[in-house]
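What's in my_file-v9.txt: compact mmCIF, C-alpha atoms and all ligand atoms
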# COMPACT_ATOMS: atom_id res chain seq x y z
CA MET A 161 83.95 81.34 68.16
CA THR A 162 81.26 84.05 68.23
CA ALA A 163 81.51 86.50 71.10
CA PRO A 164 78.49 86.43 73.43
CA ALA A 165 76.28 89.52 73.25
CA ALA A 166 77.27 92.16 75.82
CA LYS A 167 74.94 92.09 78.83
CA GLN A 168 73.07 95.29 79.47
CA PRO A 169 73.30 96.63 83.03
CA GLU A 170 70.12 95.66 84.90
CA SER A 171 69.95 98.56 87.33
CA ARG A 172 69.61 102.25 86.55
CA SER A 173 73.03 102.93 88.08
CA PHE A 174 76.05 101.15 86.65
CA ASN A 175 79.77 100.86 87.46
CA PRO A 176 81.64 100.94 84.13
CA LEU A 177 85.11 100.26 85.64
CA PHE A 178 86.80 97.20 84.16
CA PRO A 179 88.64 95.17 86.83
CA VAL A 180 92.07 93.73 86.00
CA PHE A 181 94.69 92.05 88.20
CA LEU A 182 98.11 93.55 87.58
CA LYS A 183 101.44 91.74 87.87
CA LEU A 184 103.26 94.56 89.61
CA GLU A 185 106.57 92.68 89.63
CA ASN A 186 106.60 93.27 85.83
CA LEU A 187 105.76 96.97 85.97
CA ASP A 188 107.45 100.07 87.38
CA LEU A 189 105.24 102.11 89.67
CA LEU A 190 105.98 105.58 91.02
CA LEU A 191 104.29 106.69 94.23
CA VAL A 192 104.33 110.47 94.70
CA GLY A 193 103.70 111.43 98.32
CA GLY A 194 104.93 110.30 101.69
CA GLY A 195 102.06 111.11 104.05
CA TYR A 196 99.02 109.28 105.39
CA VAL A 197 97.37 108.37 102.06
CA ALA A 198 100.71 107.32 100.53
CA LEU A 199 101.15 105.01 103.54
CA GLU A 200 97.70 103.47 102.91
CA LYS A 201 98.37 102.95 99.21
CA LEU A 202 101.90 101.60 99.81
CA SER A 203 100.62 99.15 102.43
CA ALA A 204 97.87 97.93 100.07
CA LEU A 205 100.39 97.53 97.22
CA LEU A 206 102.86 95.53 99.31
CA ALA A 207 100.21 93.43 101.08
CA ASN A 208 99.00 92.23 97.68
CA SER A 209 102.18 92.33 95.63
CA PRO A 210 105.26 92.08 97.89
CA GLN A 211 107.53 91.95 94.80
CA ALA A 212 106.02 95.13 93.27
CA ARG A 213 108.62 97.39 91.63
CA ILE A 214 107.94 100.68 93.40
CA ARG A 215 109.81 104.00 93.62
CA LEU A 216 108.76 106.81 95.92
CA VAL A 217 109.29 110.55 95.83
CA ALA A 218 107.91 113.12 98.30
CA THR A 219 108.97 116.46 99.71
CA GLU A 220 108.48 115.06 103.22
CA ILE A 221 108.35 111.38 104.02
CA SER A 222 106.71 110.30 107.28
CA ARG A 223 108.51 107.99 109.72
CA ASP A 224 106.01 105.15 108.98
CA VAL A 225 106.48 105.42 105.20
CA LYS A 226 110.27 105.61 105.61
CA ASP A 227 110.28 102.47 107.77
CA ILE A 228 108.38 100.54 105.08
CA VAL A 229 110.46 101.72 102.09
CA ILE A 230 113.69 100.93 103.95
CA LYS A 231 112.39 97.51 105.06
CA HIS A 232 111.37 96.61 101.48
CA GLY A 233 114.40 98.16 99.77
CA ILE A 234 112.18 100.58 97.84
CA PRO A 235 114.21 103.43 96.25
CA TYR A 236 113.02 106.81 97.58
CA GLU A 237 113.95 110.48 97.36
CA GLU A 238 112.87 113.20 99.76
CA ARG A 239 112.20 116.12 97.41
CA ALA A 240 109.45 117.54 95.19
CA PHE A 241 108.36 115.59 92.09
CA ARG A 242 110.27 116.28 88.85
CA PRO A 243 109.07 115.27 85.36
CA GLY A 244 112.27 113.19 85.02
CA ASP A 245 110.88 110.86 87.73
CA LEU A 246 108.55 109.42 85.07
CA GLU A 247 111.43 107.94 83.06
CA GLY A 248 110.76 104.19 82.67
CA ILE A 249 107.55 104.36 84.71
CA ASP A 250 104.38 102.44 83.74
CA LEU A 251 102.00 103.47 86.52
CA VAL A 252 101.79 106.46 88.87
CA ILE A 253 99.91 107.00 92.12
CA ILE A 254 99.78 110.65 93.20
CA ALA A 255 98.93 111.06 96.90
CA ILE A 256 99.93 114.61 97.77
CA ASN A 257 98.28 117.47 99.66
CA ASP A 258 98.86 120.10 96.96
CA LYS A 259 96.02 120.22 94.42
CA ALA A 260 97.85 122.45 91.92
CA ALA A 261 100.93 120.22 92.01
CA SER A 262 98.87 117.04 91.63
CA THR A 263 97.11 118.55 88.58
CA ALA A 264 100.51 119.41 87.06
CA ILE A 265 101.96 115.93 87.80
CA HIS A 266 98.85 114.34 86.31
CA ALA A 267 99.36 116.43 83.13
CA CYS A 268 103.00 115.21 82.88
CA CYS A 269 101.80 111.61 83.19
CA LYS A 270 99.16 112.09 80.48
CA GLU A 271 101.77 113.57 78.15
CA LYS A 272 103.67 110.31 78.51
CA ARG A 273 100.48 108.21 78.35
CA ILE A 274 101.20 106.75 81.77
CA LEU A 275 98.25 105.28 83.69
CA THR A 276 97.65 107.42 86.75
CA ASN A 277 95.74 107.36 90.03
CA VAL A 278 95.22 110.78 91.60
CA ALA A 279 94.10 110.22 95.21
CA ASP A 280 92.38 113.59 95.59
CA LYS A 281 90.82 113.73 92.09
CA PRO A 282 88.76 110.67 91.09
CA GLN A 283 87.87 112.39 87.79
CA TYR A 284 91.56 112.31 86.75
CA CYS A 285 92.12 108.66 87.72
CA ASP A 286 92.73 106.08 84.97
CA PHE A 287 92.29 103.40 87.62
CA TYR A 288 91.07 103.11 91.20
CA LEU A 289 92.45 100.97 93.96
CA SER A 290 89.89 98.59 95.39
CA SER A 291 89.02 96.97 98.67
CA ILE A 292 90.45 93.49 98.58
CA VAL A 293 89.35 90.18 100.03
CA GLN A 294 92.24 87.74 100.06
CA LYS A 295 92.06 84.07 101.05
CA GLY A 296 95.20 82.39 99.77
CA ASN A 297 95.00 82.44 95.99
CA LEU A 298 91.43 83.69 95.97
CA LYS A 299 91.29 87.44 95.55
CA ILE A 300 88.14 89.55 95.23
CA ALA A 301 88.38 93.23 94.32
CA ILE A 302 85.53 95.54 95.34
CA SER A 303 84.70 98.95 93.93
CA THR A 304 81.82 101.35 94.49
CA ASN A 305 82.83 103.42 91.46
CA GLY A 306 84.32 105.92 93.89
CA LYS A 307 80.93 106.57 95.55
CA SER A 308 81.82 105.25 98.98
CA PRO A 309 85.21 103.69 99.77
CA THR A 310 83.86 103.10 103.28
CA ILE A 311 81.12 100.81 101.93
CA ALA A 312 83.75 99.00 99.81
CA LYS A 313 85.67 98.39 103.05
CA ARG A 314 82.52 97.11 104.82
CA VAL A 315 81.62 94.75 101.95
CA LYS A 316 85.19 93.43 102.17
CA GLU A 317 84.70 92.72 105.87
CA VAL A 318 81.44 90.87 105.18
CA LEU A 319 83.02 88.76 102.42
CA ASN A 320 86.11 88.07 104.56
CA ASP A 321 83.84 86.48 107.15
CA THR A 322 81.77 84.66 104.52
CA PHE A 323 84.58 82.77 102.78
CA PRO A 324 86.18 80.05 104.93
CA ASP A 325 90.00 79.91 105.02
CA GLU A 326 89.68 76.34 103.67
CA ILE A 327 88.87 77.79 100.25
CA GLU A 328 92.65 77.56 99.66
CA ASN A 329 92.48 73.74 99.96
CA VAL A 330 89.61 73.72 97.46
CA LEU A 331 91.74 75.72 95.00
CA ASP A 332 94.74 73.39 95.49
CA ASN A 333 92.60 70.31 94.87
CA MET A 334 90.91 71.86 91.86
CA GLU A 335 94.31 72.67 90.37
CA LYS A 336 95.36 69.03 90.76
CA ILE A 337 92.11 67.79 89.19
CA ARG A 338 92.41 70.38 86.38
CA ASN A 339 95.89 69.08 85.52
CA THR A 340 94.79 65.45 85.39
CA LEU A 341 91.60 65.85 83.32
CA LYS A 342 91.57 64.27 79.87
CA GLY A 343 89.48 65.17 76.84
CA ASP A 344 89.05 68.27 74.72
CA PHE A 345 88.50 71.77 76.10
CA SER A 346 84.69 71.68 76.26
CA ASP A 347 84.78 68.23 77.85
CA LYS A 348 87.16 69.51 80.56
CA VAL A 349 84.93 72.55 81.19
CA ARG A 350 81.91 70.27 81.55
CA GLN A 351 83.72 68.00 84.06
CA LEU A 352 85.03 70.97 86.10
CA ASN A 353 81.53 72.48 86.27
CA HIS A 354 80.10 69.10 87.31
CA ILE A 355 82.65 68.62 90.13
CA THR A 356 82.04 72.12 91.53
CA ARG A 357 78.23 72.22 91.19
CA VAL A 358 77.79 71.79 94.99
CA LEU A 359 79.45 75.17 95.54
CA ALA A 360 76.57 77.06 93.92
CA PRO A 361 73.44 74.88 93.95
CA GLU A 362 70.90 77.68 94.08
CA LYS A 363 72.37 81.09 93.47
CA LYS A 364 69.47 82.97 95.07
CA ARG A 365 69.93 81.25 98.45
CA TYR A 366 73.51 82.57 98.65
CA ARG A 367 72.73 86.06 97.58
CA LYS A 368 70.22 86.63 100.31
CA PRO A 369 72.39 86.88 103.49
CA LEU A 370 74.80 89.42 101.97
CA LEU A 371 71.96 91.40 100.42
CA SER A 372 70.09 91.44 103.74
CA ILE A 373 73.20 92.56 105.65
CA LEU A 374 73.72 95.43 103.22
CA LEU A 375 70.05 96.42 103.29
CA TYR A 376 69.97 96.36 107.10
CA ALA A 377 73.25 98.33 107.27
CA GLY A 378 71.80 100.89 104.80
CA ALA A 379 68.57 101.15 106.78
CA ALA A 380 70.51 101.56 110.06
CA VAL A 381 72.60 104.41 108.61
CA PHE A 382 69.43 106.04 107.19
CA PHE A 383 67.60 105.91 110.54
CA MET A 384 70.70 107.16 112.38
CA PHE A 385 70.85 110.26 110.16
CA ALA A 386 67.05 110.73 110.20
CA GLY A 387 67.10 110.57 114.04
CA TYR A 388 69.99 113.01 114.21
CA PHE A 389 68.28 115.55 111.93
CA ILE A 390 64.87 115.21 113.67
CA LEU A 391 66.43 115.61 117.13
CA SER A 392 68.61 118.56 116.13
CA TYR A 393 65.47 120.20 114.58
CA ILE A 394 63.37 119.60 117.75
CA LEU A 395 66.14 120.77 120.12
CA LYS A 396 66.84 123.94 118.12
C1 LIG B 401 89.03 101.01 98.64
C2 LIG B 401 90.22 101.85 99.04
C3 LIG B 401 91.45 101.17 98.46
C4 LIG B 401 92.78 101.76 98.84
O1 LIG B 401 92.91 102.97 99.09
O2 LIG B 401 93.72 100.93 98.90
C5 LIG B 401 89.97 103.24 98.53
N1 LIG B 401 89.78 104.09 99.53
C6 LIG B 401 89.85 103.46 100.74
C7 LIG B 401 89.50 104.03 101.98
C8 LIG B 401 89.02 105.35 102.22
N2 LIG B 401 89.19 106.42 101.42
C9 LIG B 401 88.57 107.51 102.01
C10 LIG B 401 88.03 107.13 103.25
C11 LIG B 401 87.32 108.08 104.23
C12 LIG B 401 85.84 107.92 104.20
C13 LIG B 401 85.15 108.16 102.85
O3 LIG B 401 85.35 109.22 102.23
O4 LIG B 401 84.41 107.23 102.43
C14 LIG B 401 88.26 105.75 103.36
C15 LIG B 401 87.77 104.81 104.46
C16 LIG B 401 88.78 104.46 105.50
O5 LIG B 401 89.99 104.77 105.37
O6 LIG B 401 88.33 103.89 106.48
C17 LIG B 401 88.51 108.89 101.48
C18 LIG B 401 88.58 109.14 100.04
N3 LIG B 401 88.83 108.23 99.04
C19 LIG B 401 88.81 108.86 97.84
C20 LIG B 401 88.63 110.25 98.06
C21 LIG B 401 88.64 111.33 96.99
C22 LIG B 401 87.26 111.66 96.53
O7 LIG B 401 86.30 110.86 96.63
O8 LIG B 401 87.13 112.78 96.01
C23 LIG B 401 88.43 110.42 99.44
C24 LIG B 401 88.07 111.68 100.18
C25 LIG B 401 89.33 112.43 100.63
C26 LIG B 401 88.97 113.70 101.36
O9 LIG B 401 87.81 113.93 101.69
O10 LIG B 401 89.91 114.47 101.59
C27 LIG B 401 88.98 108.26 96.56
C28 LIG B 401 89.16 106.91 96.27
N4 LIG B 401 89.32 105.93 97.20
C29 LIG B 401 89.39 104.72 96.58
C30 LIG B 401 89.79 103.54 97.17
C31 LIG B 401 88.99 104.84 95.14
C32 LIG B 401 87.52 104.44 94.96
C33 LIG B 401 87.24 103.00 95.36
C34 LIG B 401 85.83 102.61 95.01
O11 LIG B 401 85.54 102.45 93.81
O12 LIG B 401 85.01 102.44 95.93
C35 LIG B 401 89.22 106.35 94.88
C36 LIG B 401 88.21 106.99 93.94
C37 LIG B 401 90.58 106.59 94.23
C38 LIG B 401 91.70 105.78 94.85
O13 LIG B 401 92.15 106.15 95.94
O14 LIG B 401 92.09 104.78 94.22
C39 LIG B 401 90.33 102.07 100.58
C40 LIG B 401 89.60 101.01 101.44
C41 LIG B 401 90.64 100.02 101.96
C42 LIG B 401 90.05 98.88 102.70
O15 LIG B 401 89.42 98.01 102.10
O16 LIG B 401 90.30 98.78 103.91
N1 LIG B 402 92.06 108.32 97.71
C1 LIG B 402 91.99 108.15 99.00
O1 LIG B 402 91.80 107.02 99.46
C2 LIG B 402 92.12 109.36 99.92
C3 LIG B 402 91.81 109.21 101.27
C4 LIG B 402 91.98 110.32 102.11
C5 LIG B 402 92.48 111.52 101.59
N2 LIG B 402 92.76 111.64 100.26
C6 LIG B 402 93.37 112.88 99.67
O2 LIG B 402 94.77 112.59 99.44
C7 LIG B 402 95.59 113.77 99.59
C8 LIG B 402 96.82 113.50 100.50
O3 LIG B 402 96.42 113.31 101.83
P1 LIG B 402 97.45 112.90 102.99
O4 LIG B 402 96.62 112.69 104.21
O5 LIG B 402 98.34 111.80 102.53
O6 LIG B 402 98.35 114.22 103.15
P2 LIG B 402 99.68 114.39 104.00
O7 LIG B 402 99.76 115.82 104.36
O8 LIG B 402 99.76 113.35 105.07
O9 LIG B 402 100.85 114.05 102.95
C9 LIG B 402 101.05 114.79 101.80
C10 LIG B 402 102.35 114.35 101.16
O10 LIG B 402 102.47 114.98 99.89
C11 LIG B 402 103.83 115.40 99.75
N3 LIG B 402 103.94 116.42 98.70
C12 LIG B 402 103.27 117.59 98.58
N4 LIG B 402 103.61 118.22 97.44
C13 LIG B 402 104.50 117.42 96.81
C14 LIG B 402 105.21 117.48 95.57
N5 LIG B 402 105.06 118.53 94.73
N6 LIG B 402 106.03 116.47 95.24
C15 LIG B 402 106.19 115.40 96.04
N7 LIG B 402 105.55 115.27 97.22
C16 LIG B 402 104.71 116.26 97.60
C17 LIG B 402 104.21 115.87 101.14
O11 LIG B 402 105.61 115.95 101.29
C18 LIG B 402 103.60 114.74 101.96
O12 LIG B 402 104.47 113.62 101.99
C19 LIG B 402 94.66 114.84 100.14
O13 LIG B 402 94.36 115.70 99.06
C20 LIG B 402 93.42 114.09 100.61
O14 LIG B 402 92.25 114.86 100.44
C21 LIG B 402 92.58 110.58 99.42

Would you mind writing the file out in structure tokens?
Ligand SMILES: C[C@@]1(CC(=O)O)C2=NC(=C\c3[nH]c(c(CCC(=O)O)c3CC(=O)O)Cc3[nH]c(c(CC(=O)O)c3CCC(=O)O)/C=C3\N/C(=C\2)[C@@H](CCC(=O)O)[C@]3(C)CC(=O)O)/[C@H]1CCC(=O)O
Ligand SMILES: NC(=O)c1ccc[n+]([C@@H]2O[C@H](COP(=O)([O-])OP(=O)(O)OC[C@H]3O[C@@H](n4cnc5c(N)ncnc54)[C@H](O)[C@@H]3O)[C@@H](O)[C@H]2O)c1
Amino acid sequence: MTAPAAKQPESRSFNPLFPVFLKLENLDLLLVGGGYVALEKLSALLANSPQARIRLVATEISRDVKDIVIKHGIPYEERAFRPGDLEGIDLVIIAINDKAASTAIHACCKEKRILTNVADKPQYCDFYLSSIVQKGNLKIAISTNGKSPTIAKRVKEVLNDTFPDEIENVLDNMEKIRNTLKGDFSDKVRQLNHITRVLAPEKKRYRKPLLSILLYAGAAVFFMFAGYFILSYILK
């Protein structure tokens, strides 16, 4: 089969990140840090992958983080990171408040060719965490290429409201149909596309509400800032 030609990005700006969905129960992940950001990352990891194989090390571990690691039986040590912590580790998330130490830990990870996320240094990250919409088995990951995690969070909220919870029933039924279809591969693909055509009759009609919401939100933020700067200039 010939590979289809790569699509060129349409807009001037482009997000080159390649999204993948990791099976964290098959990988060993080290989380360095036990403060606020570590809590956020740990919560996101466990909310998506409750069976994730995580270890945690931090000089000081907050009460909230400790409660979670104890509840989930996650091995943890309350001390500074040591290079030996990387033994048998596939992925590392560094969420510490010491820039020099995080640079040094990142260097150790690179030496071992371990994929690393450095919470305070996007330029050192091999991967970013994303905002996640989850409706049963449907999962949508959102990234702004690190430009605005807040907007990623807002887009998630919009999509969460857009997709009905019943989408899970649709997936269950589609799985049943998929398993009963006869014919060769291309015939099955044709039948599956035919059955689901009602879900996307006219793409443009669906794009509009989300696009409008984002444009209105963008305009509102712009006018808020413009108003603030004009007023502070006048009142000076
Ligand atoms: C999506 C989400 C996933 C998650 O963390 O699970 C995530 N950040 C979230 C929230 C959030 N983070 C920050 C705020 C405060 C407001 C703001 O700054 O906007 C809020 C909003 C809030 O908390 O409300 C601050 C912040 N974040 C980064 C820096 C460092 C820098 O930019 O230099 C700083 C400044 C630190 C400082 O100033 O000290 C960096 C990253 N944050 C990313 C992901 C990656 C890019 C994702 C993308 O491509 O968009 C990247 C690059 C690396 C990474 O962390 O993987 C999660 C939303 C969860 C949800 O959906 O609810
Ligand atoms: N990526 C993101 O989403 C995001 C969001 C907000 C902030 N940040 C950045 O993340 C960093 C951490 O922020 P925080 O609010 O979690 O800080 P925090 O002070 O709450 O926690 C810092 C943690 O790092 C640990 N630590 C420091 N040096 C260590 C070492 N050598 N080994 C092991 N543990 C060590 C401390 O013990 C503590 O547990 C900051 O640099 C902040 O700017 C990133």

Which of A:Ala207, A:Ile249, A:Val229, A:Ala279 sits closest to Asp188 in chain A [using all atoms listed in the file]: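 So, comparing all the options, the nearest one is A:Ile249.
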
Surrounding residues as an NGL selection string, ligand LIG 401 (chain B), max 8 Å, all atoms listed in the file: :A and (197 or 200-201 or 203-205 or 277-282 or 285 or 287-292 or 302-314 or 316)

Within 6 Å of ligand LIG 402 (chain B), counting all atoms listed in the file, residues as a PyMOL selection string: chain A and resi 192-198+217-221+240-241+255-258+261+279-280

Counting only C-alpha atoms, the option among A:Leu246, A:Ile327, A:Val252, A:Leu298 closest to Phe181 in chain A: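 Checking each of A:Leu246, A:Ile327, A:Val252, A:Leu298 against Phe181 in chain A, counting only C-alpha atoms, the winner is A:Leu298.
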
Top pick for closest residue to Val318 in chain A, considering A:Asn333, A:Tyr236, A:Ile214, A:Val293 and counting only C-alpha atoms: A:Val293

Shell around Phe323 in chain A at 12 Å using all atoms listed in the file, local window under 3 positions removed, as a PDB file with C-alpha atoms, in the coordinates of the input:
ATOM      1  CA  VAL A 293      89.350  90.180 100.030  1.00  0.00           C
ATOM      2  CA  GLN A 294      92.240  87.740 100.060  1.00  0.00           C
ATOM      3  CA  LYS A 295      92.060  84.070 101.050  1.00  0.00           C
ATOM      4  CA  GLY A 296      95.200  82.390  99.770  1.00  0.00           C
ATOM      5  CA  LEU A 298      91.430  83.690  95.970  1.00  0.00           C
ATOM      6  CA  LYS A 299      91.290  87.440  95.550  1.00  0.00           C
ATOM      7  CA  ILE A 300      88.140  89.550  95.230  1.00  0.00           C
ATOM      8  CA  LYS A 316      85.190  93.430 102.170  1.00  0.00           C
ATOM      9  CA  GLU A 317      84.700  92.720 105.870  1.00  0.00           C
ATOM     10  CA  VAL A 318      81.440  90.870 105.180  1.00  0.00           C
ATOM     11  CA  LEU A 319      83.020  88.760 102.420  1.00  0.00           C
ATOM     12  CA  ASN A 320      86.110  88.070 104.560  1.00  0.00           C
ATOM     13  CA  GLU A 326      89.680  76.340 103.670  1.00  0.00           C
ATOM     14  CA  ILE A 327      88.870  77.790 100.250  1.00  0.00           C
ATOM     15  CA  GLU A 328      92.650  77.560  99.660  1.00  0.00           C
ATOM     16  CA  VAL A 330      89.610  73.720  97.460  1.00  0.00           C
ATOM     17  CA  LEU A 359      79.450  75.170  95.540  1.00  0.00           C
ATOM     18  CA  TYR A 366      73.510  82.570  98.650  1.00  0.00           C
ATOM     19  CA  LEU A 370      74.800  89.420 101.970  1.00  0.00           C
TER      20      LEU A 370
END

Taking all atoms of range 237-243 of chain A that the file lists and extending 6 Å past them on each side, where is the centre of the axis-aligned box and how long are its edges? Answer in Å to one decimal, as JSON.
{"center_x": 111.2, "center_y": 114.0, "center_z": 92.6, "size_x": 17.6, "size_y": 19.1, "size_z": 26.4}

Spatial neighbours of Asp250 in chain A, 10 Å, all atoms listed in the file, chain gap at least 4 places, as JSON, numbers by chain: {"A": [184, 186, 187, 188, 189, 190, 246, 269, 272, 273, 274, 275, 276]}
